[in-house]
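S.K.: First the structure, then my questions, so here it is.
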Amino acid sequence: MLKNGMLECSVCHSKLLSPSSKTISRAYDKHRSNVSSKNRALNVLLVFGDCFLVGLQPILVYMSKVDGSFKFSPLSVNFLTEATKVLFAIIMLLLQARQQKVGEKPLLSVSTFVLAARNNILLAIPALLYAINNYLKFIMQLYFNPATVKMLSNLKVLVIALLLKMIMKRRFSIIQWEALALLLIGICVNQLRSFPEGTTVLGLPIATGAYIYTLIFVTVPSLASVYNEYALKSQFDTSIYLQNLFLYGYGAIFNFIAIVGTAIFKGPGSFDILQGHSRATMFLICNNAAQGILSSFFFKYADTILKKYSSSVATIFTGIASAALFGHTLTINFILGISIVFISMHQFFSPLAKIKDEVPSGIEMMHAQNHRSKEVSILNMTAGANEDSNHRSEADERQPLLPM
C-alpha cells in the first residue's frame, strides 16, 4: 500500500522507503522482534501441539505395520486424511460465516469463493508435494525405525533455511547458520553405525538407498513448506479456513488420482480404500489430519523454521516412546545427537542470534538522504514562513490603528 510516497505493509504496517528485497526482509525481522505477547502465546501452543502430534506419528505408523509390512494402501490413508481435513475446513468456514458482522463481505458467496480460488491457485503446488511426501513417510518406515526417521527429517531445517534464503530473501545471522550446522552434526552423530552391515533397500546397498530416500524425503517437504508459507502469506487477507479448503481439496484430488492409477495397474481390488485398516490406522488418520491443520497455522501466522524446529523437539518423544512400546534401544549416539539438536535450537532462537540491521547500500542511502533533505527543506521553508509571518505581524502591531 502506498502512503505519502512510501510502501506500507498491510500486515505489520512497516513503512519502506525503497522496497527492495533487503528492506522487506529487514522489515520482517523487525516485525518478528516486536510480536505481541498474544502471538508469542500462540506460538508456544503451536509448538507444544506440534511436538505431540509429530512425535506420535511415527509410533502410529509403526503400530500399523503387520509382520513388517502394511496390509493397507498408504495412498488410502493419505486420501482419508485429506478428506478429513476438507471436512474440518468446511465446518470451520460455516462457523466463521455465522460470526460475521453486518456489512462484511460474505465468506460463502459464489463471488468470494471464485475470487479466492483464483488467487490461491498456487496452493496446488505444495498440495502435490505434500502428497508425494506423505507417501514417502510410509516407505521410510519400512526400512528405518521411528526414531531414525524422525532424526532424518530434522535435515529439513537446513534445507528450508537455504530455500528461504534463495526464494524469500530471508536473512540469518552467522550464529544462526552455525546453529543449523550444529543441527546437521547432531543428526550425523545419531546415524553413526545405525545400519546393520549387508542390509539392502530395494536391492540397493543400504548406504545408497538411505541417501536416495533421505534426499527425496528432505527436499520435497522442504519445498512444500516454503512454497506453502509463501502462498498462504501472499493472500493474508483470505480466511485461513478457505485457504485450507483449497489446499486439502487439491491434496485429496492428487491422492485420489494416485489411487485410481494404482487400481488400473494392480486391478480393481486395490480400489477399496478401507481394505486392511485397523484401529491404529484410524488414529493415524486423525493424527495426520490434526498435524496438517496445525501446520497451516504455523505457515501463515508463525514461521517455517519454528515449525521444523518444533518437529525436531518431537524427536525425544518419539525415541522414548519407541523404546518403551517396541523395545528399540536408545543408543548413546541418539542421546548425544538429540542433545546437540537441543543446543542448536537454543542457539538459533537466542536473542544474541538475532540479526542486526545491515549498513544500507548506496542506493538505499541515496534514497534516505534525498528523503531527509526534502524533509529538511520543507521544515526550513515552514520555519521561514513562520518567521516572515511573525515579522509582519509585529510590524503591523507597531503601526497605529487610526491615521495620525
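Labels for the C-alpha cells follow display order: chains A, B, ..., residues from 1 in each chain, ligands from 1.
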Pull the helix (DSSP H, G or I) assignments for region 190-301 of chain A out of DSSP run on the backbone, and list those residues as a ChimeraX atom specification.

M.R.: /A:190-191,206-234,240-266,268-271,279-301

S.K.: Any idea what's packed within 7 Å of region 44-52 of chain A, counting only C-alpha atoms, ignoring anything in its chain fewer than 2 positions away? Could you give it as a list in words?

M.R.: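 So, after excluding close chain neighbours, the residues are Arg40, Ala41, Leu42, Val54, Gly55, Leu56, Gln291, Ser310, Ser311, Val313 and Ala314 of chain A.
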
S.K.: Go ahead and save the picked residues with all heavy atoms, as a compact mmCIF listing (two decimals), in the first residue's frame.

M.R.:
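And here's selection20.txt as it stands now:
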# COMPACT_ATOMS: atom_id res chain seq x y z
N ARG A 40 3.01 -14.54 20.89
CA ARG A 40 4.01 -15.43 21.50
C ARG A 40 3.33 -16.61 22.18
O ARG A 40 3.80 -17.74 22.11
CB ARG A 40 4.87 -14.66 22.50
CG ARG A 40 5.78 -13.62 21.88
CD ARG A 40 6.66 -12.96 22.92
NE ARG A 40 7.42 -11.87 22.36
CZ ARG A 40 8.57 -11.99 21.72
NH1 ARG A 40 9.08 -13.20 21.57
NH2 ARG A 40 9.21 -10.95 21.22
N ALA A 41 2.20 -16.33 22.85
CA ALA A 41 1.46 -17.43 23.48
C ALA A 41 0.93 -18.39 22.43
O ALA A 41 0.94 -19.62 22.63
CB ALA A 41 0.31 -16.85 24.31
N LEU A 42 0.47 -17.85 21.28
CA LEU A 42 0.00 -18.71 20.19
C LEU A 42 1.14 -19.58 19.68
O LEU A 42 0.95 -20.77 19.41
CB LEU A 42 -0.57 -17.85 19.06
CG LEU A 42 -1.00 -18.60 17.79
CD1 LEU A 42 -2.12 -19.59 18.09
CD2 LEU A 42 -1.42 -17.62 16.70
N VAL A 54 3.54 -34.60 15.96
CA VAL A 54 4.64 -35.08 15.12
C VAL A 54 5.37 -36.23 15.79
O VAL A 54 5.78 -37.21 15.13
CB VAL A 54 5.61 -33.93 14.79
CG1 VAL A 54 6.83 -34.45 14.03
CG2 VAL A 54 4.90 -32.87 13.96
N GLY A 55 5.55 -36.14 17.09
CA GLY A 55 6.22 -37.23 17.79
C GLY A 55 5.42 -38.51 17.82
O GLY A 55 5.97 -39.61 17.83
N LEU A 56 4.09 -38.38 17.82
CA LEU A 56 3.22 -39.55 17.86
C LEU A 56 3.08 -40.23 16.50
O LEU A 56 2.81 -41.43 16.44
CB LEU A 56 1.84 -39.13 18.38
CG LEU A 56 0.82 -40.23 18.68
CD1 LEU A 56 1.35 -41.16 19.76
CD2 LEU A 56 -0.51 -39.63 19.08
N GLN A 291 -2.31 -32.76 12.50
CA GLN A 291 -0.98 -32.22 12.24
C GLN A 291 -0.98 -31.29 11.03
O GLN A 291 -0.34 -30.22 11.05
CB GLN A 291 0.00 -33.38 12.01
CG GLN A 291 1.44 -32.96 11.90
CD GLN A 291 2.35 -34.14 11.60
OE1 GLN A 291 3.39 -34.00 10.98
NE2 GLN A 291 1.96 -35.32 12.03
N SER A 310 10.30 -27.19 16.02
CA SER A 310 9.37 -27.85 16.95
C SER A 310 9.23 -29.33 16.62
O SER A 310 9.10 -30.17 17.52
CB SER A 310 8.00 -27.17 16.90
OG SER A 310 7.35 -27.42 15.68
N SER A 311 9.28 -29.65 15.33
CA SER A 311 9.27 -31.06 14.94
C SER A 311 10.53 -31.77 15.39
O SER A 311 10.51 -32.97 15.72
CB SER A 311 9.12 -31.18 13.41
OG SER A 311 7.91 -30.58 12.97
N VAL A 313 12.13 -31.10 18.17
CA VAL A 313 11.96 -31.36 19.60
C VAL A 313 11.16 -32.64 19.80
O VAL A 313 11.34 -33.37 20.79
CB VAL A 313 11.27 -30.17 20.28
CG1 VAL A 313 10.99 -30.46 21.75
CG2 VAL A 313 12.14 -28.93 20.16
N ALA A 314 10.26 -32.94 18.87
CA ALA A 314 9.44 -34.15 18.99
C ALA A 314 10.27 -35.42 18.88
O ALA A 314 9.77 -36.51 19.21
CB ALA A 314 8.37 -34.15 17.89

S.K.: Mind checking which residues fall within 12 Å of Phe297 (chain A), counting only C-alpha atoms, ignoring those fewer than 2 positions away in the same chain, and posting them as a PyMOL selection string?

M.R.: chain A and resi 39+42-43+45-47+49-50+228-229+232-233+236+239-241+243-244+290-295+299-304+306-307

S.K.: Write to file, as a short mmCIF file (atom, residue, chain, number, x, y, z; two decimals), in the first residue's frame, the residues of the selection just made, with N, CA and C atoms.

M.R.:
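What follows is the written file part-v2.cif:
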data_model
loop_
_atom_site.label_atom_id
_atom_site.label_comp_id
_atom_site.auth_asym_id
_atom_site.auth_seq_id
_atom_site.Cartn_x
_atom_site.Cartn_y
_atom_site.Cartn_z
N ASN A 39 0.64 -13.20 20.41
CA ASN A 39 1.22 -14.01 19.34
C ASN A 39 2.27 -14.98 19.89
N LEU A 42 0.47 -17.85 21.28
CA LEU A 42 0.00 -18.71 20.19
C LEU A 42 1.14 -19.58 19.68
N ASN A 43 2.34 -19.01 19.54
CA ASN A 43 3.48 -19.78 19.07
C ASN A 43 3.83 -20.91 20.03
N LEU A 45 1.75 -22.47 22.08
CA LEU A 45 0.72 -23.51 21.93
C LEU A 45 0.93 -24.31 20.66
N LEU A 46 1.31 -23.63 19.57
CA LEU A 46 1.56 -24.33 18.32
C LEU A 46 2.73 -25.30 18.46
N VAL A 47 3.79 -24.86 19.15
CA VAL A 47 4.97 -25.72 19.31
C VAL A 47 4.63 -26.96 20.13
N GLY A 49 1.67 -28.35 20.66
CA GLY A 49 0.78 -29.23 19.91
C GLY A 49 1.49 -29.97 18.80
N ASP A 50 2.39 -29.27 18.12
CA ASP A 50 3.12 -29.89 17.02
C ASP A 50 4.07 -30.96 17.54
N ASN A 228 4.35 -23.32 0.61
CA ASN A 228 3.08 -23.18 1.31
C ASN A 228 3.04 -21.89 2.12
N GLU A 229 4.15 -21.59 2.81
CA GLU A 229 4.21 -20.33 3.57
C GLU A 229 4.07 -19.14 2.64
N LEU A 232 0.33 -18.94 1.41
CA LEU A 232 -0.62 -18.53 2.46
C LEU A 232 -0.44 -17.07 2.84
N LYS A 233 0.80 -16.63 2.98
CA LYS A 233 1.04 -15.25 3.40
C LYS A 233 0.85 -14.25 2.27
N PHE A 236 -2.84 -12.96 2.59
CA PHE A 236 -3.04 -12.95 4.04
C PHE A 236 -4.46 -12.58 4.44
N SER A 239 -9.41 -15.87 4.40
CA SER A 239 -9.60 -16.73 5.58
C SER A 239 -8.73 -17.97 5.48
N ILE A 240 -8.08 -18.31 6.58
CA ILE A 240 -7.20 -19.48 6.57
C ILE A 240 -7.99 -20.77 6.33
N TYR A 241 -9.25 -20.80 6.76
CA TYR A 241 -10.05 -22.00 6.54
C TYR A 241 -10.44 -22.14 5.07
N GLN A 243 -8.48 -21.00 2.63
CA GLN A 243 -7.23 -21.44 2.01
C GLN A 243 -6.98 -22.92 2.27
N ASN A 244 -7.28 -23.36 3.49
CA ASN A 244 -7.12 -24.79 3.80
C ASN A 244 -8.05 -25.65 2.96
N ALA A 290 -4.90 -33.65 12.11
CA ALA A 290 -4.65 -32.60 13.10
C ALA A 290 -3.30 -31.94 12.87
N GLN A 291 -2.31 -32.76 12.50
CA GLN A 291 -0.98 -32.22 12.24
C GLN A 291 -0.98 -31.29 11.03
N GLY A 292 -1.70 -31.66 9.97
CA GLY A 292 -1.78 -30.81 8.79
C GLY A 292 -2.48 -29.49 9.07
N ILE A 293 -3.55 -29.55 9.85
CA ILE A 293 -4.29 -28.33 10.19
C ILE A 293 -3.41 -27.39 11.02
N LEU A 294 -2.69 -27.97 11.98
CA LEU A 294 -1.81 -27.16 12.82
C LEU A 294 -0.68 -26.54 12.00
N SER A 295 -0.20 -27.27 11.01
CA SER A 295 0.90 -26.76 10.18
C SER A 295 0.48 -25.52 9.41
N PHE A 299 2.48 -21.89 9.18
CA PHE A 299 2.97 -21.25 7.98
C PHE A 299 2.37 -19.86 7.77
N LYS A 300 1.14 -19.64 8.22
CA LYS A 300 0.51 -18.34 7.99
C LYS A 300 0.79 -17.35 9.10
N TYR A 301 0.79 -17.80 10.35
CA TYR A 301 0.90 -16.87 11.47
C TYR A 301 2.23 -16.96 12.20
N ALA A 302 3.04 -17.97 11.92
CA ALA A 302 4.33 -18.09 12.60
C ALA A 302 5.44 -18.17 11.55
N ASP A 303 6.21 -19.23 11.57
CA ASP A 303 7.40 -19.29 10.72
C ASP A 303 7.73 -20.74 10.40
N THR A 304 8.22 -20.99 9.19
CA THR A 304 8.56 -22.35 8.77
C THR A 304 9.71 -22.92 9.59
N LEU A 306 10.43 -22.18 12.69
CA LEU A 306 9.89 -22.55 14.01
C LEU A 306 9.14 -23.87 13.92
N LYS A 307 8.41 -24.08 12.83
CA LYS A 307 7.67 -25.33 12.65
C LYS A 307 8.62 -26.53 12.61
#

S.K.: Any idea what's packed within 9 Å of region 113-122 of chain A, counting only C-alpha atoms, ignoring anything in its chain fewer than 4 positions away? Could you give it as a list in words?

M.R.: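 Result of the neighbour search: Leu107, Leu108, Ser109, Pro126, Tyr227, Asn228, Ala231, Leu232, Ser234, Gln235, Thr238, Leu242, Gln243, Phe246 and Leu247 of chain A.
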
S.K.: With C-alpha atoms retained, export the selected residues as a PDB file, in the first residue's frame.

M.R.:
ATOM      1  CA  LEU A 107     -17.431 -15.820   3.082  1.00  0.00           C
ATOM      2  CA  LEU A 108     -19.832 -18.292   1.490  1.00  0.00           C
ATOM      3  CA  SER A 109     -20.839 -16.249  -1.553  1.00  0.00           C
ATOM      4  CA  PRO A 126       2.511 -27.596  -2.167  1.00  0.00           C
ATOM      5  CA  TYR A 227       6.042 -22.649  -1.030  1.00  0.00           C
ATOM      6  CA  ASN A 228       3.082 -23.184   1.312  1.00  0.00           C
ATOM      7  CA  ALA A 231       1.214 -18.953  -0.866  1.00  0.00           C
ATOM      8  CA  LEU A 232      -0.617 -18.534   2.455  1.00  0.00           C
ATOM      9  CA  SER A 234       0.749 -13.760  -0.087  1.00  0.00           C
ATOM     10  CA  GLN A 235      -3.046 -13.889   0.364  1.00  0.00           C
ATOM     11  CA  THR A 238      -8.112 -14.551   2.815  1.00  0.00           C
ATOM     12  CA  LEU A 242     -10.890 -21.060   2.973  1.00  0.00           C
ATOM     13  CA  GLN A 243      -7.228 -21.442   2.008  1.00  0.00           C
ATOM     14  CA  PHE A 246      -8.328 -25.341  -1.403  1.00  0.00           C
ATOM     15  CA  LEU A 247      -5.051 -26.859  -0.133  1.00  0.00           C
TER      16      LEU A 247
END

S.K.: Between CA of Phe72 (chain A) and CA of Asp272 (chain A), what is the distance in Å, rounded to a tenth?

M.R.: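 About the pair CA of Phe72 (chain A) and CA of Asp272 (chain A): they are 9.5 Å apart.
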
S.K.: Within 8 Å of Gly337 (chain A), counting only C-alpha atoms, which residues qualify if same-chain residues fewer than 6 places away don't, as a VMD selection string?

M.R.: chain A and resid 185 to 190

S.K.: Could you turn the residues from that selection into a file that holds N, CA, C and O atoms, as an mmCIF file, in the first residue's frame?

M.R.:
data_model
loop_
_atom_site.group_PDB
_atom_site.id
_atom_site.type_symbol
_atom_site.label_atom_id
_atom_site.label_comp_id
_atom_site.auth_asym_id
_atom_site.auth_seq_id
_atom_site.Cartn_x
_atom_site.Cartn_y
_atom_site.Cartn_z
ATOM 1 N N ILE A 185 25.300 -31.682 12.443
ATOM 2 C CA ILE A 185 26.265 -32.524 13.148
ATOM 3 C C ILE A 185 25.550 -33.459 14.120
ATOM 4 O O ILE A 185 25.878 -34.648 14.227
ATOM 5 N N GLY A 186 24.546 -32.933 14.829
ATOM 6 C CA GLY A 186 23.794 -33.768 15.762
ATOM 7 C C GLY A 186 23.098 -34.926 15.080
ATOM 8 O O GLY A 186 23.059 -36.052 15.594
ATOM 9 N N ILE A 187 22.547 -34.670 13.897
ATOM 10 C CA ILE A 187 21.882 -35.729 13.139
ATOM 11 C C ILE A 187 22.894 -36.777 12.687
ATOM 12 O O ILE A 187 22.631 -37.987 12.735
ATOM 13 N N CYS A 188 24.057 -36.319 12.241
ATOM 14 C CA CYS A 188 25.091 -37.265 11.796
ATOM 15 C C CYS A 188 25.580 -38.138 12.962
ATOM 16 O O CYS A 188 25.835 -39.326 12.786
ATOM 17 N N VAL A 189 25.718 -37.543 14.148
ATOM 18 C CA VAL A 189 26.136 -38.308 15.318
ATOM 19 C C VAL A 189 25.136 -39.412 15.616
ATOM 20 O O VAL A 189 25.494 -40.555 15.947
ATOM 21 N N ASN A 190 23.852 -39.109 15.497
ATOM 22 C CA ASN A 190 22.814 -40.106 15.764
ATOM 23 C C ASN A 190 22.857 -41.261 14.772
ATOM 24 O O ASN A 190 22.531 -42.403 15.118
#

S.K.: How many Å separate CA of Ser173 (chain A) from CA of Ile355 (chain A)?

M.R.: 4.9 Å

S.K.: Report, in Å with one decimal, the straight-line distance from CA of Phe283 (chain A) to CA of Tyr62 (chain A).

M.R.: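 About the pair CA of Phe283 (chain A) and CA of Tyr62 (chain A): they are 12.2 Å apart.
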